[in-house]
>>> print(open('start-v2.csv').read())   # CSV, C-alpha atoms
chain,number,residue,atom,x,y,z
A,1,MET,CA,58.9,52.7,-10.4
A,2,SER,CA,60.8,49.5,-11.3
A,3,ASP,CA,61.3,48.6,-7.6
A,4,THR,CA,57.6,49.0,-7.1
A,5,ARG,CA,56.8,46.6,-10.0
A,6,PHE,CA,59.4,44.2,-8.7
A,7,TRP,CA,57.8,44.0,-5.2
A,8,ARG,CA,54.4,43.7,-6.7
A,9,ARG,CA,55.6,40.7,-8.8
A,10,ARG,CA,57.1,39.1,-5.7
A,11,THR,CA,53.9,39.6,-3.8
A,12,VAL,CA,51.8,38.1,-6.6
A,13,ARG,CA,54.2,35.2,-6.9
A,14,ARG,CA,54.2,34.6,-3.1
A,15,THR,CA,50.4,34.7,-3.0
A,16,ALA,CA,50.1,32.3,-5.9
A,17,ALA,CA,52.6,30.0,-4.2
A,18,TRP,CA,50.7,30.0,-1.0
A,19,THR,CA,47.4,29.4,-2.9
A,20,VAL,CA,48.9,26.3,-4.6
A,21,THR,CA,50.4,25.0,-1.4
A,22,ALA,CA,47.0,25.4,0.4
A,23,ALA,CA,45.2,23.6,-2.4
A,24,VAL,CA,47.7,20.8,-2.3
A,25,LEU,CA,47.4,20.5,1.5
A,26,ALA,CA,43.6,20.6,1.3
A,27,GLY,CA,43.7,17.9,-1.4
A,28,GLY,CA,46.0,15.8,0.7
A,29,LEU,CA,43.7,16.1,3.8
A,30,PHE,CA,40.7,15.4,1.6
A,31,TRP,CA,42.4,12.2,0.3
A,32,VAL,CA,43.7,11.0,3.7
A,33,SER,CA,40.4,11.7,5.5
A,34,GLY,CA,38.5,9.5,3.1
A,35,GLY,CA,36.8,12.4,1.3
A,36,TYR,CA,38.0,11.1,-2.1
A,37,ASP,CA,36.5,7.7,-1.4
A,38,SER,CA,33.2,9.2,-0.4
A,39,TRP,CA,33.2,11.5,-3.5
A,40,ARG,CA,34.0,8.5,-5.7
A,41,ASP,CA,31.3,6.3,-4.1
A,42,ASP,CA,28.7,9.1,-4.5
A,43,ARG,CA,29.7,9.5,-8.2
A,44,ALA,CA,29.4,5.7,-8.7
A,45,LEU,CA,25.8,5.8,-7.3
A,46,ASP,CA,24.7,7.6,-10.4
A,47,SER,CA,25.7,4.7,-12.6
A,48,ALA,CA,24.8,1.9,-10.2
A,49,CYS,CA,22.6,-1.1,-11.1
A,50,ASP,CA,23.7,-0.7,-14.8
A,51,GLY,CA,22.4,2.9,-14.6
A,52,ASP,CA,18.9,1.9,-13.4
A,53,LEU,CA,19.2,3.0,-9.8
A,54,ALA,CA,17.2,6.1,-8.8
A,55,ALA,CA,20.3,7.6,-7.2
A,56,ASP,CA,18.7,10.9,-6.0
A,57,ALA,CA,15.9,9.0,-4.4
A,58,VAL,CA,18.4,6.7,-2.6
A,59,ARG,CA,20.3,9.7,-1.3
A,60,GLU,CA,17.1,11.1,0.1
A,61,LEU,CA,16.1,7.8,1.7
A,62,PHE,CA,19.4,7.5,3.6
A,63,ASP,CA,19.6,11.2,4.3
A,64,GLY,CA,23.3,12.0,3.9
A,65,SER,CA,24.8,8.7,4.9
A,66,PRO,CA,27.9,7.6,3.0
A,67,LEU,CA,26.7,5.2,0.2
A,68,THR,CA,28.3,2.3,-1.7
A,69,SER,CA,26.6,0.4,-4.5
A,70,SER,CA,26.8,-2.4,-7.0
A,71,SER,CA,27.8,-1.3,-10.4
A,72,GLY,CA,25.3,-3.8,-12.1
A,73,TRP,CA,22.7,-6.4,-11.6
A,74,THR,CA,24.2,-9.8,-10.5
A,75,ASP,CA,23.5,-13.1,-12.1
A,76,ARG,CA,20.8,-13.5,-9.5
A,77,GLN,CA,19.4,-10.2,-10.6
A,78,HIS,CA,19.9,-8.2,-7.5
A,79,CYS,CA,21.6,-4.9,-6.9
A,80,THR,CA,22.7,-3.5,-3.5
A,81,VAL,CA,23.3,-0.2,-1.8
A,82,GLY,CA,25.2,0.1,1.5
A,83,ALA,CA,24.7,3.0,3.8
A,84,SER,CA,26.9,3.3,6.9
A,85,ASP,CA,28.4,5.9,9.2
A,86,ASP,CA,29.8,5.8,12.7
A,87,ASP,CA,26.5,4.7,14.3
A,88,THR,CA,24.7,2.5,11.7
A,89,ASP,CA,25.2,-0.2,9.1
A,90,ALA,CA,22.2,-0.1,6.8
A,91,GLY,CA,21.4,-0.6,3.2
A,92,LEU,CA,19.0,-1.6,0.4
A,93,VAL,CA,18.7,-4.7,-1.8
A,94,LEU,CA,16.7,-4.5,-5.1
A,95,TRP,CA,15.6,-7.6,-6.9
A,96,ALA,CA,14.4,-7.8,-10.5
A,97,ARG,CA,13.2,-11.0,-12.0
A,98,ASP,CA,10.6,-12.4,-14.4
A,99,THR,CA,7.3,-13.5,-12.8
A,100,GLU,CA,8.6,-17.1,-12.4
A,101,GLY,CA,10.7,-16.0,-9.4
A,102,LEU,CA,10.3,-14.6,-5.9
A,103,GLY,CA,7.4,-16.8,-4.8
A,104,GLU,CA,8.4,-16.0,-1.2
A,105,LEU,CA,6.3,-12.9,-1.6
A,106,VAL,CA,3.5,-14.8,0.1
A,107,GLU,CA,5.5,-15.2,3.3
A,108,VAL,CA,3.8,-12.4,5.2
A,109,GLU,CA,1.9,-12.4,8.5
A,110,GLY,CA,-0.2,-9.3,7.9
A,111,PHE,CA,-2.0,-7.7,5.0
A,112,ASP,CA,0.4,-5.4,3.1
A,113,ALA,CA,-0.8,-2.0,1.9
A,114,PRO,CA,-1.5,-1.6,-1.8
A,115,LEU,CA,0.4,1.3,-3.5
A,116,GLY,CA,-2.3,2.5,-5.9
A,117,HIS,CA,-1.5,5.5,-8.2
A,118,GLY,CA,-1.5,3.3,-11.2
A,119,TRP,CA,0.9,0.6,-9.8
A,120,THR,CA,0.3,-3.0,-9.0
A,121,GLY,CA,2.3,-3.2,-5.8
A,122,SER,CA,2.4,-3.3,-2.0
A,123,PHE,CA,4.3,-2.0,1.0
A,124,GLY,CA,5.1,-4.2,3.9
A,125,PHE,CA,5.9,-2.7,7.3
A,126,ASP,CA,4.4,-3.8,10.6
A,127,PRO,CA,3.8,-0.8,12.8
A,128,ASP,CA,3.5,-3.0,15.9
A,129,ASP,CA,7.0,-4.4,15.5
A,130,GLU,CA,9.7,-3.0,17.7
A,131,ASP,CA,12.1,-3.0,14.7
A,132,THR,CA,10.8,0.0,12.7
A,133,ASP,CA,13.8,0.5,10.4
A,134,GLU,CA,13.1,-2.5,8.0
A,135,ALA,CA,10.5,-2.7,5.3
A,136,ARG,CA,9.8,-4.4,1.9
A,137,ALA,CA,8.1,-3.0,-1.2
A,138,VAL,CA,6.9,-5.0,-4.2
A,139,LEU,CA,5.9,-4.2,-7.8
A,140,LEU,CA,4.4,-6.4,-10.5
A,141,LEU,CA,5.2,-5.0,-13.9
A,142,SER,CA,3.4,-6.2,-17.1
A,143,CYS,CA,5.6,-6.3,-20.2
A,144,GLY,CA,2.6,-6.9,-22.5
A,145,LYS,CA,-0.8,-8.4,-22.8
A,146,GLY,CA,0.4,-12.0,-22.9
A,147,SER,CA,-0.5,-13.8,-19.7
A,148,GLY,CA,2.4,-14.3,-17.4
A,149,HIS,CA,4.7,-11.9,-19.4
A,150,GLY,CA,6.1,-9.5,-16.9
A,151,ARG,CA,8.6,-8.6,-14.2
A,152,VAL,CA,8.5,-8.6,-10.4
A,153,MET,CA,10.7,-6.1,-8.5
A,154,THR,CA,11.2,-5.8,-4.8
A,155,ALA,CA,13.1,-3.4,-2.5
A,156,ASP,CA,14.2,-4.6,1.0
A,157,ALA,CA,15.5,-1.7,3.0
A,158,ASP,CA,17.1,-1.3,6.4
A,159,LEU,CA,17.4,2.4,7.4
A,160,GLY,CA,19.8,1.7,10.3
A,161,ARG,CA,18.4,4.7,12.1
A,162,GLY,CA,15.0,6.3,11.8
A,163,GLY,CA,12.0,4.2,10.9
A,164,PHE,CA,9.3,3.5,8.4
A,165,ASP,CA,6.8,4.7,11.0
A,166,ASP,CA,7.7,8.0,9.4
A,167,PRO,CA,5.5,8.6,6.3
A,168,VAL,CA,8.3,10.4,4.5
A,169,ALA,CA,10.6,7.4,4.8
A,170,ARG,CA,7.8,5.2,3.3
A,171,GLU,CA,7.3,7.5,0.4
A,172,ARG,CA,11.0,7.8,-0.3
A,173,LEU,CA,11.5,4.0,-0.4
A,174,ILE,CA,8.6,3.6,-2.9
A,175,ALA,CA,10.1,6.4,-5.0
A,176,VAL,CA,13.4,4.4,-5.1
A,177,LEU,CA,11.5,1.3,-6.2
A,178,THR,CA,9.2,2.8,-8.8
A,179,GLU,CA,11.8,5.1,-10.4
A,180,THR,CA,14.4,2.2,-10.6
A,181,ALA,CA,11.7,-0.2,-12.0
A,182,THR,CA,10.8,2.3,-14.7
A,183,ALA,CA,14.4,2.6,-15.8
A,184,TYR,CA,15.0,-1.1,-15.6
A,185,THR,CA,12.0,-2.1,-17.6
A,186,ARG,CA,12.7,0.5,-20.3
A,187,ARG,CA,16.3,-0.6,-20.6
A,188,THR,CA,15.4,-4.3,-20.8
A,189,GLY,CA,12.7,-3.9,-23.4
A,190,CYS,CA,9.7,-4.4,-21.1
A,191,ALA,CA,6.9,-1.9,-22.1
A,192,ALA,CA,5.5,-1.8,-18.6
A,193,PRO,CA,2.9,1.0,-17.9
A,194,VAL,CA,4.2,3.6,-15.5
A,195,GLY,CA,2.2,4.8,-12.6
A,196,GLY,CA,2.3,8.2,-10.8
A,197,ARG,CA,4.2,9.4,-7.7
A,198,VAL,CA,3.0,7.4,-4.7
A,199,LYS,CA,2.0,9.5,-1.7
A,200,ASN,CA,0.5,8.7,1.7
A,201,VAL,CA,1.9,5.1,1.7
A,202,GLY,CA,0.0,2.9,4.0
A,203,VAL,CA,1.4,0.2,6.4
A,204,THR,CA,0.6,-3.5,6.9
A,205,THR,CA,-2.8,-4.3,8.5
A,206,THR,CA,-2.1,-6.3,11.6
A,207,HIS,CA,-4.4,-8.4,13.8
A,208,ARG,CA,-5.2,-5.4,16.0
A,209,ASP,CA,-6.6,-3.4,13.0
A,210,TYR,CA,-10.1,-4.8,13.0
A,211,LYS,CA,-13.3,-2.8,12.7
A,212,PRO,CA,-17.1,-3.5,12.8
A,213,VAL,CA,-18.3,-5.4,9.7
A,214,ALA,CA,-20.7,-2.6,8.9
A,215,GLU,CA,-17.8,-0.2,8.5
A,216,ALA,CA,-16.0,-2.2,5.7
A,217,THR,CA,-15.0,0.0,2.8
A,218,GLY,CA,-12.1,-1.9,1.3
A,219,SER,CA,-11.5,-5.4,0.3
A,220,CYS,CA,-14.2,-6.8,2.6
A,221,ALA,CA,-16.9,-4.4,1.5
A,222,GLY,CA,-20.1,-6.1,0.3
A,223,LEU,CA,-19.0,-9.7,0.8
A,224,LEU,CA,-21.9,-10.4,3.3
A,225,ASP,CA,-25.2,-8.8,4.0
A,226,GLY,CA,-26.2,-8.0,7.6
A,227,LYS,CA,-28.3,-11.1,8.1
A,228,THR,CA,-25.7,-13.5,6.7
A,229,ALA,CA,-23.0,-11.9,8.8
A,230,ALA,CA,-25.1,-12.3,12.0
A,231,ARG,CA,-25.8,-15.9,11.1
A,232,TRP,CA,-22.2,-16.7,10.5
A,233,GLY,CA,-21.1,-15.0,13.7
A,234,VAL,CA,-19.2,-12.3,11.8
A,235,ARG,CA,-18.9,-9.1,13.8
A,236,THR,CA,-15.6,-7.5,12.6
A,237,VAL,CA,-13.4,-7.3,9.5
A,238,ARG,CA,-9.7,-6.7,8.8
A,239,GLU,CA,-9.1,-5.4,5.3
A,240,ILE,CA,-6.9,-3.4,2.9
A,241,PRO,CA,-7.8,-0.5,0.6
A,242,VAL,CA,-9.2,-1.3,-2.8
A,243,ALA,CA,-6.3,-1.2,-5.2
A,244,PRO,CA,-4.4,-3.8,-7.3
A,245,ALA,CA,-1.7,-5.6,-5.3
A,246,PRO,CA,0.3,-8.9,-5.7
A,247,ILE,CA,-1.6,-10.3,-2.7
A,248,GLU,CA,-5.0,-9.0,-1.6
A,249,ASN,CA,-6.8,-10.0,1.6
A,250,CYS,CA,-9.9,-9.8,3.7
A,251,ALA,CA,-10.5,-11.4,7.1
A,252,LEU,CA,-14.0,-11.8,8.6
A,253,GLY,CA,-13.9,-12.1,12.3
A,254,GLY,CA,-15.9,-12.5,15.5
A,255,LEU,CA,-15.8,-10.3,18.6
A,256,ARG,CA,-12.5,-8.5,19.2
A,257,GLY,CA,-11.3,-9.5,15.7
A,258,ALA,CA,-11.1,-13.2,16.3
A,259,PHE,CA,-10.4,-14.8,12.9
A,260,LEU,CA,-13.2,-16.8,11.3
A,261,TYR,CA,-13.0,-16.6,7.5
A,262,GLY,CA,-10.1,-15.4,5.3
A,263,PHE,CA,-10.3,-14.5,1.6
A,264,SER,CA,-7.1,-14.1,-0.4
A,265,ALA,CA,-6.2,-13.2,-4.0
A,266,TYR,CA,-2.8,-14.1,-5.4
A,267,TYR,CA,-1.2,-12.8,-8.6
A,268,GLY,CA,2.1,-13.4,-10.4
A,269,PRO,CA,4.8,-15.3,-8.5
A,270,ALA,CA,2.6,-15.3,-5.3
A,271,ALA,CA,-0.1,-17.2,-7.2
A,272,ARG,CA,2.3,-19.8,-8.6
A,273,TRP,CA,3.8,-20.4,-5.1
A,274,GLU,CA,0.3,-20.7,-3.5
A,275,ARG,CA,-1.0,-23.1,-6.2
A,276,THR,CA,1.9,-25.4,-5.3
A,277,SER,CA,0.9,-25.3,-1.7
A,278,LEU,CA,-2.8,-25.8,-2.5
A,279,ASP,CA,-2.0,-28.9,-4.7
A,280,TYR,CA,0.0,-30.3,-1.9
A,281,ARG,CA,-2.8,-29.9,0.6
A,282,ARG,CA,-5.3,-31.4,-1.8
A,283,ASP,CA,-3.1,-34.5,-2.4
A,284,ASP,CA,-3.2,-35.1,1.4
A,285,ASP,CA,-7.0,-34.7,1.6
A,286,PRO,CA,-8.6,-35.1,-1.9
A,287,ALA,CA,-12.2,-33.8,-2.2
A,288,ARG,CA,-14.9,-34.9,-4.6
A,289,PRO,CA,-15.5,-32.4,-7.4
A,290,GLY,CA,-18.6,-30.4,-6.6
A,291,ALA,CA,-18.9,-31.6,-3.1
A,292,ASP,CA,-18.7,-29.5,0.1
A,293,ALA,CA,-15.1,-29.4,1.3
A,294,PRO,CA,-14.9,-30.7,4.8
A,295,ASP,CA,-12.7,-27.7,5.8
A,296,ALA,CA,-14.7,-25.2,3.7
A,297,GLY,CA,-11.5,-24.4,1.8
A,298,TYR,CA,-12.5,-23.4,-1.7
A,299,ALA,CA,-10.5,-22.0,-4.6
A,300,LEU,CA,-11.0,-20.2,-7.9
A,301,ALA,CA,-8.6,-19.3,-10.7
A,302,ALA,CA,-8.6,-16.7,-13.5
A,303,ARG,CA,-6.3,-16.0,-16.4
A,304,CYS,CA,-4.9,-12.5,-16.3
A,305,PRO,CA,-2.9,-10.3,-18.7
A,306,GLY,CA,0.8,-9.5,-18.2
A,307,ALA,CA,2.5,-10.1,-14.9
A,308,GLY,CA,-0.7,-11.4,-13.2
A,309,GLY,CA,-0.5,-14.8,-14.9
A,310,THR,CA,-3.0,-17.2,-13.6
A,311,ALA,CA,-4.5,-15.7,-10.4
A,312,LEU,CA,-5.6,-17.8,-7.5
A,313,PHE,CA,-8.5,-16.9,-5.1
A,314,GLN,CA,-9.1,-18.8,-1.8
A,315,VAL,CA,-11.2,-18.8,1.3
A,316,GLU,CA,-10.0,-20.5,4.4
A,317,THR,CA,-11.7,-21.0,7.8
A,318,LEU,CA,-10.4,-21.2,11.3
A,319,HIS,CA,-9.9,-24.7,12.6
A,320,ASP,CA,-8.6,-25.5,16.1
A,321,GLU,CA,-8.2,-29.2,16.6
A,322,ASP,CA,-7.2,-28.7,20.3
A,323,ASP,CA,-10.3,-26.5,21.0
A,324,PRO,CA,-13.1,-27.2,18.4
A,325,LYS,CA,-15.5,-24.7,20.0
A,326,HIS,CA,-13.2,-22.0,18.7
A,327,ALA,CA,-13.6,-23.1,15.1
A,328,ALA,CA,-15.6,-21.1,12.6
A,329,PRO,CA,-19.3,-22.2,12.3
A,330,ILE,CA,-19.3,-23.7,8.8
A,331,VAL,CA,-23.0,-24.0,8.3
A,332,ASP,CA,-23.4,-22.4,4.8
A,333,HIS,CA,-21.0,-23.9,2.2
A,334,ARG,CA,-23.0,-22.5,-0.7
A,335,GLY,CA,-23.0,-19.0,0.9
A,336,LEU,CA,-19.2,-19.3,1.5
A,337,ARG,CA,-18.6,-20.2,-2.1
A,338,ALA,CA,-20.8,-17.3,-3.2
A,339,ALA,CA,-18.8,-14.8,-1.0
A,340,LEU,CA,-15.6,-16.1,-2.5
A,341,GLN,CA,-17.0,-15.6,-6.0
A,342,ARG,CA,-17.9,-12.0,-5.2
A,343,PHE,CA,-14.4,-11.4,-3.7
A,344,ALA,CA,-12.6,-13.0,-6.6
A,345,GLU,CA,-14.6,-11.2,-9.3
A,346,ARG,CA,-14.0,-7.8,-7.8
A,347,SER,CA,-10.3,-8.4,-7.4
A,348,ALA,CA,-10.0,-9.9,-10.9
A,349,LYS,CA,-11.7,-6.9,-12.5
A,350,ARG,CA,-9.2,-4.6,-10.9
A,351,HIS,CA,-6.4,-6.6,-12.6
A,352,GLY,CA,-8.2,-6.9,-16.0
A,353,CYS,CA,-8.5,-10.7,-15.6
A,354,GLU,CA,-11.1,-13.1,-17.0
A,355,THR,CA,-14.0,-14.3,-14.8
A,356,PRO,CA,-12.8,-16.6,-12.0
A,357,GLU,CA,-13.8,-20.2,-12.3
A,358,PRO,CA,-13.6,-23.1,-9.8
A,359,ARG,CA,-10.1,-24.6,-9.7
>>> encode(input="start-v2.csv", output="structure tokens")
Amino acid sequence: MSDTRFWRRRTVRRTAAWTVTAAVLAGGLFWVSGGYDSWRDDRALDSACDGDLAADAVRELFDGSPLTSSSGWTDRQHCTVGASDDDTDAGLVLWARDTEGLGELVEVEGFDAPLGHGWTGSFGFDPDDEDTDEARAVLLLSCGKGSGHGRVMTADADLGRGGFDDPVARERLIAVLTETATAYTRRTGCAAPVGGRVKNVGVTTTHRDYKPVAEATGSCAGLLDGKTAARWGVRTVREIPVAPAPIENCALGGLRGAFLYGFSAYYGPAARWERTSLDYRRDDDPARPGADAPDAGYALAARCPGAGGTALFQVETLHDEDDPKHAAPIVDHRGLRAALQRFAERSAKRHGCETPEPR
């Protein structure tokens, strides 16, 4: 009996020794192969950007790629996530500033899609571009009723592989932005209203996305009646859905979408940036107050609560100095000003602004 117990003890000890040895070897391989670094980086993601980063949403966006991240927001108020594997080198940059910054939001060629769902924001992705893995999303966040009191947050993403032509990728990027923005504003004492989960995220409206003027249902709806449209040569429109965004646009065009008249609304940093540009243009070509502008370029302004600040509304017309016959037929200055007033009042109402007045 004692011999049996002896051999059982030796067997148990030998098994335990092999178990420990295997664990040590596995741990060594895990360390040498970079598994520990990957595990450490993944753990760090949960506390990245001073704990504001929506880590789970970021993991979904990059779909299993190894991730590195900034521990906090830098002095320039940006935070980064790197995503790389053997085939790609991608990532994400988040910016968070007050509404005095990021005026470069206006540097867009198309009309970015509003987010809706209780957010004032937009998503920028050109479906006609060959580079489908890059996109930008923007949010304006009001910290209170005081005009100009708010934050602007952006997310610039490069997927490396895959593309934002996939609706799931668009929804995931917006989830990263909205969830991170919610955490950031709460931590920094900004009582910004929180919207809902954004689904069915749209893409940027490009020059090819025109439709007959009678089919306008978004930002161009109701600007002109049928007779006025015919008299002005307007046959098509290019528009965005009706929802608050940092920049809202409507283009009235001729046949095959040829641009004739463009209406734009700017809020927050985009408005501040565009006002500077407008003042510069007026210094070069001052117009008499109340007179018809030679280029039919008119502007209105309105005071808005929170991040909206002082909004700017403009109408511009096509001018081609090299080929004047292609210019928009500016024959109705009063009608053009009235159309701008309608466009501005509708947009301002969505943002809770005062009635727009001539600037």
>>> closest_residue(input="start-v2.csv", among="A:Val93, A:Ala192, A:Ala258, A:Leu336", to="His207 in chain A", atoms="only C-alpha atoms")
A:Ala258
>>> atom_distance(input="start-v2.csv", atom1="CA of Arg136 in chain A", atom2="CA of Thr236 in chain A")
27.7 Å
>>> closest_residue(input="start-v2.csv", among="A:Asp50, A:Glu239, A:Asp131, A:Glu354", to="Thr206 in chain A", atoms="only C-alpha atoms")
A:Glu239
>>> atom_distance(input="start-v2.csv", atom1="CA of Ala137 in chain A", atom2="CA of Thr154 in chain A")
5.5 Å
>>> atom_distance(input="start-v2.csv", atom1="CA of Cys353 in chain A", atom2="CA of Ala302 in chain A")
6.4 Å
>>> closest_residue(input="start-v2.csv", among="A:Ala54, A:Leu61, A:Ala311, A:Ala293", to="Arg161 in chain A", atoms="only C-alpha atoms")
A:Leu61
>>> closest_residue(input="start-v2.csv", among="A:Val234, A:Leu300, A:Leu94, A:Val81", to="Ala251 in chain A", atoms="all atoms listed in the file")
A:Val234
>>> residues_near_point(input="start-v2.csv", point="(-16.9, -4.1, 6.6)", cutoff="10 Å", atoms="only C-alpha atoms", output="list in words")
Tyr210, Lys211, Pro212, Val213, Ala214, Glu215, Ala216, Thr217, Gly218, Ser219, Cys220, Ala221, Gly222, Leu223, Leu224, Asp225, Val234, Arg235, Thr236, Val237, Arg238, Glu239, Cys250, Ala251 and Leu252 of chain A
>>> residues_near_point(input="start-v2.csv", point="(-3.8, -8.4, -17.1)", cutoff="7 Å", atoms="all atoms listed in the file", output="ChimeraX atom specification")
/A:145,147,304-308,351-353
>>> write_last_selection(input="start-v2.csv", atoms="C-alpha atoms", output="mmCIF file, in the frame of the given file")
data_model
loop_
_atom_site.group_PDB
_atom_site.id
_atom_site.type_symbol
_atom_site.label_atom_id
_atom_site.label_comp_id
_atom_site.auth_asym_id
_atom_site.auth_seq_id
_atom_site.Cartn_x
_atom_site.Cartn_y
_atom_site.Cartn_z
ATOM 1 C CA LYS A 145 -0.800 -8.400 -22.800
ATOM 2 C CA SER A 147 -0.500 -13.800 -19.700
ATOM 3 C CA CYS A 304 -4.900 -12.500 -16.300
ATOM 4 C CA PRO A 305 -2.900 -10.300 -18.700
ATOM 5 C CA GLY A 306 0.800 -9.500 -18.200
ATOM 6 C CA ALA A 307 2.500 -10.100 -14.900
ATOM 7 C CA GLY A 308 -0.700 -11.400 -13.200
ATOM 8 C CA HIS A 351 -6.400 -6.600 -12.600
ATOM 9 C CA GLY A 352 -8.200 -6.900 -16.000
ATOM 10 C CA CYS A 353 -8.500 -10.700 -15.600
#
>>> closest_residue(input="start-v2.csv", among="A:Val138, A:Ala271, A:Leu173, A:Ala191", to="Thr310 in chain A", atoms="all atoms listed in the file")
A:Ala271
>>> closest_residue(input="start-v2.csv", among="A:Val201, A:Ala338, A:Ala57, A:Val315", to="Phe164 in chain A", atoms="only C-alpha atoms")
A:Val201
>>> residues_around(input="start-v2.csv", residues="Arg187 in chain A", least_positions_apart="6", cutoff="10 Å", atoms="only C-alpha atoms", output="JSON, numbers by chain")
{"A": [50, 51, 52, 181]}
>>> residues_around(input="start-v2.csv", residues="Asp332 in chain A", least_positions_apart="4", cutoff="10 Å", atoms="all atoms listed in the file", output="PyMOL selection string")
chain A and resi 228+231-232+292+296+336-338
>>> residues_around(input="start-v2.csv", residues="range 113-127 of chain A", least_positions_apart="2", cutoff="9 Å", atoms="all atoms listed in the file", output="ChimeraX atom specification")
/A:108,110-111,129-132,134-141,164-165,170,174,178,193-199,201-206,240-248,351
